[in-house]
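**Q** Please find entry_24.txt (compact mmCIF, C-alpha atoms) on the next line:
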# COMPACT_ATOMS: atom_id res chain seq x y z
CA MET V 510 12.93 -51.77 -7.46
CA SER V 511 11.60 -50.11 -4.29
CA PRO V 512 9.80 -46.77 -4.61
CA ASP V 513 11.22 -43.38 -3.65
CA ILE V 514 7.86 -42.37 -2.22
CA ILE V 515 4.53 -43.93 -1.28
CA ILE V 516 1.37 -41.87 -1.77
CA VAL V 517 -1.61 -42.90 0.34
CA GLY V 518 -4.88 -41.85 -1.24
CA GLY V 519 -5.96 -41.89 -4.90
CA GLY V 520 -8.15 -38.83 -5.24
CA ILE V 521 -7.22 -35.90 -7.46
CA MET V 522 -4.53 -34.73 -4.98
CA GLY V 523 -2.87 -38.15 -4.85
CA THR V 524 -3.08 -38.96 -8.56
CA ALA V 525 -1.87 -35.49 -9.61
CA SER V 526 1.00 -35.65 -7.10
CA ALA V 527 1.96 -39.09 -8.42
CA PHE V 528 1.91 -37.83 -12.00
CA PHE V 529 4.11 -34.80 -11.30
CA LEU V 530 6.49 -36.65 -8.97
CA ASN V 531 7.03 -39.28 -11.64
CA ARG V 532 7.83 -36.52 -14.12
CA ARG V 533 10.48 -35.28 -11.69
CA GLY V 534 12.17 -38.66 -11.78
CA GLN V 535 10.70 -40.10 -8.57
CA ARG V 536 9.65 -43.78 -8.40
CA VAL V 537 6.09 -43.59 -7.09
CA LEU V 538 3.85 -46.19 -5.46
CA LEU V 539 0.26 -44.93 -5.23
CA LEU V 540 -2.07 -46.81 -2.88
CA GLU V 541 -5.85 -46.35 -2.90
CA ARG V 542 -8.26 -48.12 -0.53
CA GLY V 543 -10.96 -48.42 -3.20
CA LEU V 544 -10.92 -47.06 -6.74
CA VAL V 545 -9.26 -43.80 -7.73
CA GLY V 546 -11.55 -40.78 -7.55
CA GLN V 547 -14.22 -42.71 -5.69
CA HIS V 548 -14.97 -40.23 -2.92
CA ALA V 549 -14.81 -36.40 -2.77
CA SER V 550 -12.71 -36.10 -5.93
CA GLY V 551 -15.39 -37.78 -8.00
CA THR V 552 -18.57 -36.62 -6.30
CA ASN V 553 -17.98 -32.87 -5.97
CA PHE V 554 -19.66 -30.07 -7.92
CA GLY V 555 -16.92 -29.69 -10.53
CA ASN V 556 -16.16 -26.00 -9.98
CA VAL V 557 -12.86 -24.78 -11.44
CA ARG V 558 -13.19 -21.59 -9.43
CA ARG V 559 -10.70 -19.11 -8.01
CA GLN V 560 -13.17 -16.35 -7.16
CA GLY V 561 -14.12 -16.32 -3.47
CA ARG V 562 -11.10 -18.24 -2.23
CA PHE V 563 -9.06 -17.43 0.85
CA LEU V 564 -6.77 -14.75 -0.61
CA PRO V 565 -3.47 -16.28 0.61
CA GLN V 566 -4.51 -19.39 -1.36
CA MET V 567 -4.71 -17.47 -4.62
CA ALA V 568 -1.11 -18.13 -5.73
CA LEU V 569 -1.79 -21.86 -5.50
CA ALA V 570 -5.13 -21.46 -7.30
CA ASN V 571 -3.45 -19.45 -10.07
CA ARG V 572 -0.80 -22.11 -10.55
CA SER V 573 -3.51 -24.73 -10.77
CA ARG V 574 -5.58 -22.69 -13.23
CA ALA V 575 -2.58 -22.48 -15.56
CA LEU V 576 -2.37 -26.28 -15.51
CA TRP V 577 -6.10 -26.65 -16.19
CA GLY V 578 -5.49 -24.58 -19.30
CA GLN V 579 -2.93 -27.13 -20.52
CA LEU V 580 -5.32 -30.08 -20.42
CA PRO V 581 -5.75 -32.41 -22.24
CA GLU V 582 -2.27 -32.01 -23.74
CA LEU V 583 -0.65 -32.51 -20.32
CA ILE V 584 -2.25 -35.86 -19.44
CA GLY V 585 -3.74 -36.96 -22.74
CA ASP V 586 -7.35 -36.85 -21.52
CA ASP V 587 -10.28 -34.48 -21.84
CA LEU V 588 -11.75 -33.60 -18.43
CA GLU V 589 -14.52 -31.53 -20.07
CA PHE V 590 -12.96 -28.33 -18.74
CA ILE V 591 -14.82 -25.25 -20.00
CA PRO V 592 -13.50 -21.77 -19.05
CA SER V 593 -17.09 -20.52 -19.00
CA GLY V 594 -16.71 -17.80 -16.40
CA HIS V 595 -18.10 -17.75 -12.87
CA ILE V 596 -20.46 -15.31 -11.19
CA ARG V 597 -20.90 -14.80 -7.48
CA VAL V 598 -24.14 -13.05 -6.60
CA CYS V 599 -25.56 -11.46 -3.45
CA TYR V 600 -28.91 -10.48 -1.99
CA ARG V 601 -27.99 -7.74 0.54
CA PRO V 602 -26.72 -4.17 0.00
CA GLU V 603 -23.78 -4.60 2.40
CA GLU V 604 -22.61 -7.66 0.47
CA ILE V 605 -22.12 -5.59 -2.68
CA GLN V 606 -19.26 -3.70 -1.05
CA GLN V 607 -17.76 -6.99 0.12
CA LEU V 608 -17.76 -8.30 -3.44
CA GLN V 609 -16.15 -5.06 -4.62
CA ASP V 610 -13.49 -5.18 -1.90
CA TYR V 611 -12.61 -8.73 -2.90
CA ALA V 612 -12.40 -7.76 -6.57
CA GLN V 613 -9.98 -4.94 -5.71
CA ALA V 614 -7.67 -7.06 -3.51
CA PRO V 615 -4.14 -7.27 -4.97
CA GLU V 616 -4.19 -11.07 -4.69
CA ALA V 617 -7.25 -11.20 -7.00
CA ARG V 618 -5.75 -9.14 -9.82
CA GLU V 619 -5.34 -12.14 -12.17
CA LEU V 620 -9.03 -13.02 -11.94
CA GLY V 621 -10.26 -10.06 -14.01
CA LEU V 622 -13.19 -9.53 -11.66
CA GLN V 623 -15.93 -7.04 -12.47
CA VAL V 624 -18.96 -6.39 -10.26
CA TYR V 625 -22.22 -5.70 -12.11
CA GLU V 626 -25.32 -4.08 -10.59
CA GLY V 627 -28.71 -2.80 -11.68
CA ALA V 628 -29.60 -2.59 -15.35
CA THR V 629 -26.11 -3.58 -16.47
CA MET V 630 -26.35 -6.81 -14.48
CA ARG V 631 -29.87 -7.52 -15.76
CA GLU V 632 -28.81 -6.99 -19.36
CA ARG V 633 -25.81 -9.32 -19.01
CA PHE V 634 -27.53 -12.00 -16.88
CA PRO V 635 -31.27 -11.59 -17.57
CA TRP V 636 -32.18 -14.93 -15.98
CA LEU V 637 -31.15 -13.86 -12.44
CA GLY V 638 -33.99 -13.55 -9.91
CA PRO V 639 -35.30 -10.16 -8.73
CA ASP V 640 -33.70 -10.55 -5.27
CA VAL V 641 -30.18 -10.56 -6.76
CA LEU V 642 -28.53 -7.16 -6.25
CA ALA V 643 -25.06 -7.68 -7.73
CA ALA V 644 -22.98 -10.24 -9.60
CA SER V 645 -19.20 -10.48 -9.46
CA HIS V 646 -17.96 -11.95 -12.75
CA ALA V 647 -14.72 -13.96 -13.04
CA PRO V 648 -14.25 -14.50 -16.81
CA PHE V 649 -11.43 -17.08 -16.61
CA ASP V 650 -12.98 -19.49 -14.11
CA GLY V 651 -15.07 -22.43 -15.25
CA HIS V 652 -16.04 -26.04 -14.63
CA ALA V 653 -15.06 -29.62 -15.46
CA ASN V 654 -16.27 -33.18 -14.92
CA PRO V 655 -15.03 -34.43 -11.52
CA ARG V 656 -15.77 -38.08 -12.34
CA LEU V 657 -13.08 -37.97 -15.03
CA ALA V 658 -10.29 -36.09 -13.26
CA ALA V 659 -8.59 -38.48 -10.82
CA PRO V 660 -8.88 -41.52 -13.13
CA ALA V 661 -7.35 -39.49 -15.97
CA PHE V 662 -4.37 -38.41 -13.85
CA ALA V 663 -4.00 -42.01 -12.67
CA ARG V 664 -3.96 -43.36 -16.24
CA ALA V 665 -1.43 -40.74 -17.29
CA GLY V 666 0.78 -41.60 -14.32
CA LYS V 667 0.58 -45.34 -15.02
CA ARG V 668 1.54 -44.83 -18.66
CA GLU V 669 4.68 -43.01 -17.50
CA GLY V 670 5.67 -45.42 -14.73
CA VAL V 671 3.60 -44.84 -11.58
CA ASP V 672 2.85 -48.07 -9.71
CA LEU V 673 -0.87 -47.77 -8.89
CA ARG V 674 -2.52 -50.31 -6.62
CA GLU V 675 -6.22 -50.04 -5.90
CA ASN V 676 -8.27 -51.81 -3.22
CA VAL V 677 -5.40 -51.53 -0.73
CA GLU V 678 -6.65 -50.20 2.60
CA ILE V 679 -3.98 -48.80 4.90
CA ALA V 680 -4.00 -49.76 8.57
CA SER V 681 -0.85 -47.96 9.78
CA ILE V 682 2.23 -46.01 8.78
CA ASP V 683 5.42 -46.26 10.86
CA LYS V 684 8.86 -44.72 10.54
CA VAL V 685 11.46 -47.45 11.06
CA GLY V 686 15.00 -46.15 10.78
CA GLU V 687 15.31 -44.21 7.53
CA HIS V 688 12.26 -45.80 5.91
CA PHE V 689 8.52 -45.83 6.37
CA GLU V 690 6.57 -49.05 6.67
CA VAL V 691 3.07 -48.72 5.26
CA ARG V 692 0.96 -51.67 6.35
CA SER V 693 -2.34 -52.65 4.75
CA THR V 694 -5.31 -54.23 6.52
CA SER V 695 -4.56 -57.45 4.63
CA GLY V 696 -1.02 -57.61 6.02
CA GLN V 697 0.96 -56.25 3.07
CA VAL V 698 3.92 -54.05 3.97
CA PHE V 699 5.29 -51.41 1.61
CA THR V 700 8.49 -49.46 2.33
CA ALA V 701 9.94 -46.18 1.06
CA PRO V 702 12.03 -43.30 2.44
CA LYS V 703 9.16 -40.83 1.94
CA VAL V 704 5.39 -40.85 2.33
CA LEU V 705 2.74 -38.41 1.13
CA VAL V 706 -0.71 -38.64 2.74
CA THR V 707 -3.47 -37.51 0.38
CA ALA V 708 -6.27 -39.46 2.05
CA GLY V 709 -8.93 -36.74 2.06
CA ALA V 710 -11.38 -36.98 4.95
CA TRP V 711 -9.34 -39.90 6.33
CA GLY V 712 -6.05 -37.95 6.35
CA GLY V 713 -6.43 -36.83 9.94
CA ARG V 714 -6.53 -40.42 11.14
CA LEU V 715 -3.12 -41.04 9.58
CA SER V 716 -1.54 -37.78 10.77
CA THR V 717 -2.71 -38.57 14.29
CA GLN V 718 -0.51 -41.69 14.23
CA PHE V 719 2.45 -39.29 14.13
CA GLY V 720 1.24 -37.04 16.94
CA GLU V 721 -0.27 -34.48 14.58
CA PRO V 722 -4.04 -34.54 15.08
CA VAL V 723 -6.09 -32.15 12.97
CA PRO V 724 -9.48 -30.78 14.06
CA MET V 725 -11.69 -32.07 11.25
CA VAL V 726 -15.32 -32.89 10.65
CA THR V 727 -16.76 -35.07 7.90
CA ARG V 728 -19.49 -33.64 5.71
CA GLY V 729 -21.58 -35.01 2.89
CA PRO V 730 -22.32 -32.46 0.13
CA GLN V 731 -25.73 -32.74 -1.48
CA MET V 732 -25.73 -32.71 -5.29
CA ALA V 733 -28.38 -33.12 -7.96
CA VAL V 734 -28.79 -32.90 -11.73
CA THR V 735 -31.77 -31.98 -13.87
CA GLU V 736 -33.08 -33.25 -17.17
CA PRO V 737 -31.47 -31.65 -20.27
CA LEU V 738 -32.69 -28.07 -20.78
CA PRO V 739 -31.97 -25.41 -23.41
CA TYR V 740 -28.36 -24.28 -22.99
CA VAL V 741 -28.85 -20.86 -21.38
CA PHE V 742 -26.55 -20.68 -18.35
CA LYS V 743 -23.02 -20.38 -19.70
CA GLU V 744 -21.37 -19.27 -16.43
CA VAL V 745 -21.06 -21.21 -13.18
CA VAL V 746 -23.25 -19.43 -10.59
CA GLY V 747 -22.96 -19.28 -6.81
CA VAL V 748 -24.55 -17.24 -4.03
CA TYR V 749 -22.35 -15.24 -1.66
CA SER V 750 -23.96 -15.23 1.80
CA LYS V 751 -23.07 -15.94 5.41
CA VAL V 752 -26.44 -17.72 5.74
CA THR V 753 -25.59 -21.34 4.97
CA ASP V 754 -28.96 -22.39 3.60
CA GLU V 755 -28.88 -19.52 1.08
CA VAL V 756 -25.66 -20.72 -0.55
CA ILE V 757 -26.87 -22.54 -3.66
CA TYR V 758 -24.70 -23.01 -6.73
CA PHE V 759 -25.27 -24.45 -10.18
CA ARG V 760 -23.69 -24.98 -13.59
CA GLN V 761 -25.06 -26.13 -16.93
CA ILE V 762 -23.19 -28.44 -19.24
CA PRO V 763 -23.46 -28.11 -23.04
CA ARG V 764 -25.78 -31.11 -23.38
CA GLY V 765 -28.26 -29.20 -21.23
CA ASN V 766 -28.24 -30.79 -17.77
CA VAL V 767 -28.00 -28.41 -14.80
CA ILE V 768 -25.90 -29.64 -11.87
CA PHE V 769 -26.54 -27.96 -8.53
CA GLY V 770 -25.65 -28.24 -4.86
CA GLY V 771 -25.26 -26.35 -1.61
CA CYS V 772 -27.51 -25.23 1.27
CA PHE V 773 -27.28 -28.48 3.24
CA ARG V 774 -24.69 -31.09 4.27
CA THR V 775 -24.95 -34.39 6.10
CA PHE V 776 -22.39 -35.81 8.56
CA PRO V 777 -21.38 -39.22 7.21
CA ASP V 778 -19.48 -41.83 9.18
CA LEU V 779 -15.91 -42.34 7.93
CA ASP V 780 -16.08 -46.07 8.60
CA SER V 781 -19.10 -46.58 6.35
CA LEU V 782 -17.33 -44.99 3.33
CA ARG V 783 -20.71 -43.69 2.18
CA SER V 784 -22.84 -40.58 2.42
CA ALA V 785 -26.54 -40.66 1.67
CA ALA V 786 -28.43 -38.10 -0.37
CA ALA V 787 -30.91 -36.38 1.98
CA PRO V 788 -34.45 -35.73 0.61
CA GLU V 789 -34.81 -32.62 2.78
CA ALA V 790 -31.72 -31.15 1.11
CA LEU V 791 -33.32 -31.37 -2.32
CA ILE V 792 -36.50 -29.63 -1.14
CA LEU V 793 -34.46 -26.75 0.28
CA GLN V 794 -32.20 -26.54 -2.77
CA LEU V 795 -35.09 -26.33 -5.22
CA ASP V 796 -36.57 -23.44 -3.25
CA ARG V 797 -33.25 -21.57 -3.19
CA LEU V 798 -32.63 -22.34 -6.86
CA LYS V 799 -35.98 -20.76 -7.77
CA ARG V 800 -34.95 -17.57 -5.96
CA LEU V 801 -31.62 -17.45 -7.79
CA ALA V 802 -32.83 -18.40 -11.29
CA PRO V 803 -36.67 -18.49 -11.49
CA SER V 804 -36.64 -20.21 -14.90
CA LEU V 805 -35.35 -23.37 -13.19
CA ALA V 806 -38.43 -23.65 -10.96
CA ARG V 807 -40.07 -26.32 -13.12
CA ALA V 808 -36.99 -28.34 -14.06
CA SER V 809 -37.18 -32.07 -13.35
CA VAL V 810 -34.44 -33.62 -11.22
CA ILE V 811 -33.21 -36.97 -12.53
CA ARG V 812 -30.53 -37.91 -9.98
CA THR V 813 -29.17 -36.94 -6.55
CA TRP V 814 -25.94 -37.99 -4.84
CA SER V 815 -23.51 -37.20 -2.07
CA GLY V 816 -19.91 -37.89 -1.08
CA VAL V 817 -17.47 -37.84 1.84
CA GLU V 818 -15.51 -34.61 2.36
CA GLY V 819 -13.12 -33.57 5.14
CA TYR V 820 -13.41 -30.06 6.58
CA VAL V 821 -10.65 -28.58 8.75
CA GLU V 822 -11.68 -26.35 11.64
CA ASP V 823 -10.28 -23.13 10.12
CA ASP V 824 -11.50 -23.99 6.59
CA ARG V 825 -7.94 -24.28 5.25
CA PRO V 826 -6.30 -27.46 3.99
CA ILE V 827 -3.34 -29.35 5.37
CA MET V 828 -0.47 -29.11 2.90
CA GLY V 829 3.28 -29.42 3.34
CA PRO V 830 5.82 -31.38 5.39
CA SER V 831 5.15 -33.02 8.73
CA GLY V 832 6.21 -31.06 11.76
CA GLN V 833 7.27 -34.23 13.54
CA VAL V 834 8.75 -36.72 11.08
CA ASP V 835 11.27 -36.07 8.34
CA GLY V 836 10.22 -37.50 4.98
CA LEU V 837 6.48 -37.34 5.75
CA TYR V 838 4.21 -34.96 3.81
CA TYR V 839 0.52 -34.11 3.79
CA ALA V 840 -2.05 -32.78 1.31
CA PHE V 841 -5.58 -33.37 2.61
CA GLY V 842 -8.61 -31.66 4.16
CA PHE V 843 -9.47 -29.30 1.31
CA CYS V 844 -12.84 -28.42 2.86
CA GLY V 845 -15.05 -29.01 -0.17
CA HIS V 846 -13.15 -26.65 -2.47
CA GLY V 847 -10.16 -28.72 -3.56
CA PHE V 848 -11.19 -29.74 -7.08
CA GLN V 849 -9.85 -26.63 -8.80
CA LEU V 850 -6.65 -26.87 -6.76
CA GLY V 851 -5.94 -30.53 -7.62
CA PRO V 852 -3.43 -30.12 -10.47
CA GLY V 853 -1.65 -27.28 -8.66
CA VAL V 854 -1.45 -29.21 -5.40
CA GLY V 855 0.09 -32.15 -7.25
CA ASP V 856 2.63 -29.91 -8.98
CA VAL V 857 3.55 -28.04 -5.79
CA MET V 858 3.90 -31.18 -3.68
CA ALA V 859 6.07 -32.77 -6.36
CA GLU V 860 8.29 -29.69 -6.42
CA LEU V 861 8.52 -29.59 -2.62
CA ILE V 862 9.27 -33.30 -2.22
CA ALA V 863 11.73 -33.50 -5.11
CA THR V 864 13.64 -30.27 -4.45
CA GLY V 865 13.01 -29.38 -0.79
CA ALA V 866 11.28 -26.07 -1.59
CA THR V 867 8.41 -24.68 -3.63
CA SER V 868 8.01 -21.44 -5.56
CA THR V 869 4.34 -21.20 -4.50
CA PRO V 870 3.66 -20.14 -0.89
CA ILE V 871 1.83 -22.78 1.16
CA ALA V 872 2.82 -21.78 4.70
CA PRO V 873 -0.81 -20.93 5.71
CA PHE V 874 -1.65 -24.62 5.26
CA ASP V 875 1.11 -26.00 7.50
CA ILE V 876 -0.10 -28.73 9.85
CA ALA V 877 2.02 -27.16 12.59
CA ARG V 878 -0.63 -24.48 13.12
CA PHE V 879 -2.59 -27.02 15.19
CA GLN V 880 0.35 -28.20 17.29
CA ALA V 881 1.59 -26.73 20.58
CA PRO V 882 4.94 -24.90 20.06
CA SER V 883 6.71 -27.18 22.55
CA LEU V 884 5.88 -30.19 20.34
CA LEU V 885 7.47 -28.78 17.21
CA VAL V 886 10.87 -30.40 17.44
CA GLY V 887 12.91 -31.97 14.67
CA ALA V 888 10.83 -30.34 11.96
CA GLY V 889 13.20 -31.53 9.27
CA SER V 890 14.99 -30.11 6.29
CA ALA V 891 11.89 -29.76 4.14
CA ARG V 892 10.28 -27.36 6.61
CA GLU V 893 13.48 -25.32 6.88
CA ALA V 894 13.74 -25.08 3.10
CA LEU V 895 10.09 -24.02 2.89
CA ALA V 896 10.71 -21.22 5.38
CA ILE V 897 13.74 -20.04 3.44
CA ALA V 898 11.82 -20.06 0.17
CA HIS V 899 8.97 -17.99 1.65
CA PRO V 900 10.25 -15.94 4.63
CA SER V 901 7.27 -13.59 4.52
CA ALA V 902 4.60 -16.29 4.32
Mind turning the file's structure into C-alpha cells?
**A**
Amino acid sequence: MSPDIIIVGGGIMGTASAFFLNRRGQRVLLLERGLVGQHASGTNFGNVRRQGRFLPQMALANRSRALWGQLPELIGDDLEFIPSGHIRVCYRPEEIQQLQDYAQAPEARELGLQVYEGATMRERFPWLGPDVLAASHAPFDGHANPRLAAPAFARAGKREGVDLRENVEIASIDKVGEHFEVRSTSGQVFTAPKVLVTAGAWGGRLSTQFGEPVPMVTRGPQMAVTEPLPYVFKEVVGVYSKVTDEVIYFRQIPRGNVIFGGCFRTFPDLDSLRSAAAPEALILQLDRLKRLAPSLARASVIRTWSGVEGYVEDDRPIMGPSGQVDGLYYAFGFCGHGFQLGPGVGDVMAELIATGATSTPIAPFDIARFQAPSLLVGAGSAREALAIAHPSA
C-alpha cells in the first residue's frame, strides 16, 4: 500500500513527525540518508530549554515542553529527561534589565522566571564565578540525552506502523501530477501525494528544487564532556551575552559528567557529512568555563565532538507549507536550538498536514518570508487554512 506522505530526514523533527502523523491515521514512509539521529539531533547539547527563545516561538516551545513531560509513557522510552531547571546568567549591569524584561514578557509567563542578584543569587548558586551579576532561573526547563531521542521516536513509530528506511540518500523530489516522486541516489523512486522535508542543514538544498531557496549557513557546534565529578550542578547553565565567545553553557548529569559547549563554531562542508572538533575551541571553552564556574577549572575532559547544524539567516526555522507547491511541507533549519522543540514540531506538523490547520501559531517560520511577493502564487489550501487559524500571527 502506497504511503500518504513521505518524510525526508530522520532527525528528531522527522521521527517525531512520523510518529504523530501515524497516530493521526496517516501511512508514513520515513527516509533517512544515514541512520536516524546521526547529525544535529544526536550531537547537540541536550538542552530542553524555553528560556531565552524568540518570544513568538514560545507557544510552540510550551506545546513541546508538555510533550516532554509525558515521556516515556508517550513513546515507551526513557530519554533521560530531567526537569532540573535552567539558569541564564550575565556579566554586565545593562544585561540584568534585559533578563528582567524577558522574564516579564507576557509570552514568558508559563516559564516561572525569577531573576536573582547579589547575596540571594550567591546563596542559591554559590558555585557561580565572581563576574556573574545576575541569574535568571527557569524552574521547569531541563535537559535530556540527544543520542537517545530520534532513535526512540523512530522505534515507537515503527512499532505502530511507520515504514522507516535508513541509508536512503535523496537526489531529487519532483511533483508529477497529483503525486510527488522522491528519487534516491541509487535510483529508487518513492511516490506519495504529500512530502515533508525535515532534512536539517540539507533542507535548503531540497527547497531550492521548488524555487524556494533559504539563506542558510552550516555550522559545527563544539561539544565536550568531563570525567565524572561530584553531582553539584543541578540546573543547566548558560551565559547571556552578545559577545559570541562569552556564550558558554554546561549541564551535569547524575552520574557526574559535565557536558559543555558554546563560544566557537566551525563551518563544515555539507557534502562531507562530518564536522571536526576544533582544538582551539576547547582551549577557549575551558577559559570561559572557569569564569562561569571556577570549580570546573581543573576538571579533565575525556571526549570532544561536533555535528552539522543548519542556521537560517534570521535565526528562525523554516516550518509550515510550501509557498509554491501544494502538498509540500517543511520543518528544518532550527539554528542549533531545535532539540527542545522536536516533539512539539512533530505534533504541530502532524496536525497541520492531517487537518489543514494548527492550533499553535507558526506563521513567523513561513518559508515565504524569503520569497519575493510576485513569486507567491498558488500557495495552496494548507497556507490558506493556516492564515485562517491564526489571522493575527
**Q** Give me, as a short mmCIF file (atom, residue, chain, number, x, y, z; two decimals) with C-alpha atoms, in the frame of the given file, all polymer residues having an atom no more than 10 Å from Tyr758 (chain V), counting all atoms listed in the file and skipping those fewer than 6 positions away in the same chain.
**A**
data_model
loop_
_atom_site.label_atom_id
_atom_site.label_comp_id
_atom_site.auth_asym_id
_atom_site.auth_seq_id
_atom_site.Cartn_x
_atom_site.Cartn_y
_atom_site.Cartn_z
CA PHE V 554 -19.66 -30.07 -7.92
CA ASN V 556 -16.16 -26.00 -9.98
CA ILE V 596 -20.46 -15.31 -11.19
CA ARG V 597 -20.90 -14.80 -7.48
CA VAL V 598 -24.14 -13.05 -6.60
CA MET V 732 -25.73 -32.71 -5.29
CA VAL V 745 -21.06 -21.21 -13.18
CA VAL V 746 -23.25 -19.43 -10.59
CA GLY V 747 -22.96 -19.28 -6.81
CA VAL V 748 -24.55 -17.24 -4.03
CA TYR V 749 -22.35 -15.24 -1.66
CA ILE V 768 -25.90 -29.64 -11.87
CA PHE V 769 -26.54 -27.96 -8.53
CA GLY V 770 -25.65 -28.24 -4.86
CA GLY V 771 -25.26 -26.35 -1.61
CA CYS V 772 -27.51 -25.23 1.27
CA GLN V 794 -32.20 -26.54 -2.77
CA ARG V 797 -33.25 -21.57 -3.19
CA LEU V 798 -32.63 -22.34 -6.86
CA LEU V 801 -31.62 -17.45 -7.79
#
**Q** Just the residues within 9 Å of Phe689 (chain V), please, counting only C-alpha atoms, with nothing from its chain fewer than 4 positions along; format it as number ranges by chain.
**A** V: 515, 682-685, 699-704, 836-837
**Q** Tell me which of V:Ser526, V:Val691, V:Glu616, V:Asp587 sits closest to Phe841 (chain V), counting only C-alpha atoms.
**A**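 Among the listed residues, V:Ser526 lies closest to Phe841 (chain V).
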**Q** Using all atoms listed in the file, pick whichever of V:Gln606, V:Ser593, V:Gln566, V:Ser831 has the shortest atom-to-atom distance to Phe719 (chain V).
**A**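 Among the listed residues, V:Ser831 lies closest to Phe719 (chain V).
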**Q** For region 610-612 of chain V, work out the shell of residues within 12 Å, counting only C-alpha atoms and skipping chain neighbours fewer than 6 positions away, then give it as an MDAnalysis selection string.
**A** chainID V and resid 559:564 567 596:597 603:604 618:625 644:647 749
**Q** From the list V:Val537, V:Val756, V:Met630, V:Ala659, which residue is nearest Leu642 (chain V) when using all atoms listed in the file?
**A** V:Met630
**Q** Hey, can you check how far CA of Ala568 (chain V) sits from CA of Gly853 (chain V)?
**A** 9.6 Å
**Q** Restore N, CA and C atoms in region 816-836 of chain V and list the result as a compact mmCIF listing (two decimals), keeping the file's coordinate frame.
**A**
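Result saved to out-v3.txt:
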# COMPACT_ATOMS: atom_id res chain seq x y z
N GLY V 816 -21.28 -37.41 -1.16
CA GLY V 816 -19.91 -37.89 -1.08
C GLY V 816 -19.38 -37.75 0.33
N VAL V 817 -18.10 -37.94 0.51
CA VAL V 817 -17.47 -37.84 1.84
C VAL V 817 -16.33 -36.82 1.75
N GLU V 818 -16.50 -35.68 2.39
CA GLU V 818 -15.51 -34.61 2.36
C GLU V 818 -14.99 -34.32 3.77
N GLY V 819 -13.72 -33.93 3.86
CA GLY V 819 -13.12 -33.57 5.14
C GLY V 819 -12.95 -32.07 5.26
N TYR V 820 -13.49 -31.50 6.33
CA TYR V 820 -13.41 -30.06 6.58
C TYR V 820 -12.55 -29.79 7.81
N VAL V 821 -11.52 -28.97 7.64
CA VAL V 821 -10.65 -28.58 8.75
C VAL V 821 -11.30 -27.41 9.49
N GLU V 822 -11.03 -27.33 10.77
CA GLU V 822 -11.68 -26.35 11.64
C GLU V 822 -11.59 -24.92 11.11
N ASP V 823 -10.44 -24.51 10.59
CA ASP V 823 -10.28 -23.13 10.12
C ASP V 823 -10.55 -22.97 8.63
N ASP V 824 -11.12 -24.01 7.99
CA ASP V 824 -11.50 -23.99 6.59
C ASP V 824 -10.31 -23.84 5.65
N ARG V 825 -9.13 -24.28 6.10
CA ARG V 825 -7.94 -24.28 5.25
C ARG V 825 -7.38 -25.69 5.21
N PRO V 826 -6.80 -26.09 4.09
CA PRO V 826 -6.30 -27.46 3.99
C PRO V 826 -5.02 -27.69 4.78
N ILE V 827 -4.64 -28.94 4.85
CA ILE V 827 -3.34 -29.35 5.37
C ILE V 827 -2.45 -29.65 4.17
N MET V 828 -1.32 -28.96 4.09
CA MET V 828 -0.47 -29.11 2.90
C MET V 828 0.96 -28.75 3.26
N GLY V 829 1.88 -29.68 3.06
CA GLY V 829 3.28 -29.42 3.34
C GLY V 829 3.92 -30.56 4.11
N PRO V 830 5.12 -30.33 4.65
CA PRO V 830 5.82 -31.38 5.39
C PRO V 830 5.28 -31.57 6.79
N SER V 831 5.47 -32.75 7.33
CA SER V 831 5.15 -33.02 8.73
C SER V 831 6.00 -32.13 9.63
N GLY V 832 5.44 -31.78 10.76
CA GLY V 832 6.21 -31.06 11.76
C GLY V 832 6.92 -31.97 12.74
N GLN V 833 6.72 -33.27 12.59
CA GLN V 833 7.27 -34.23 13.54
C GLN V 833 8.25 -35.23 12.92
N VAL V 834 8.02 -35.60 11.68
CA VAL V 834 8.75 -36.72 11.08
C VAL V 834 9.33 -36.31 9.73
N ASP V 835 10.62 -36.39 9.59
CA ASP V 835 11.27 -36.07 8.34
C ASP V 835 10.88 -37.09 7.27
N GLY V 836 10.60 -36.62 6.07
CA GLY V 836 10.22 -37.50 4.98
C GLY V 836 8.73 -37.74 4.85
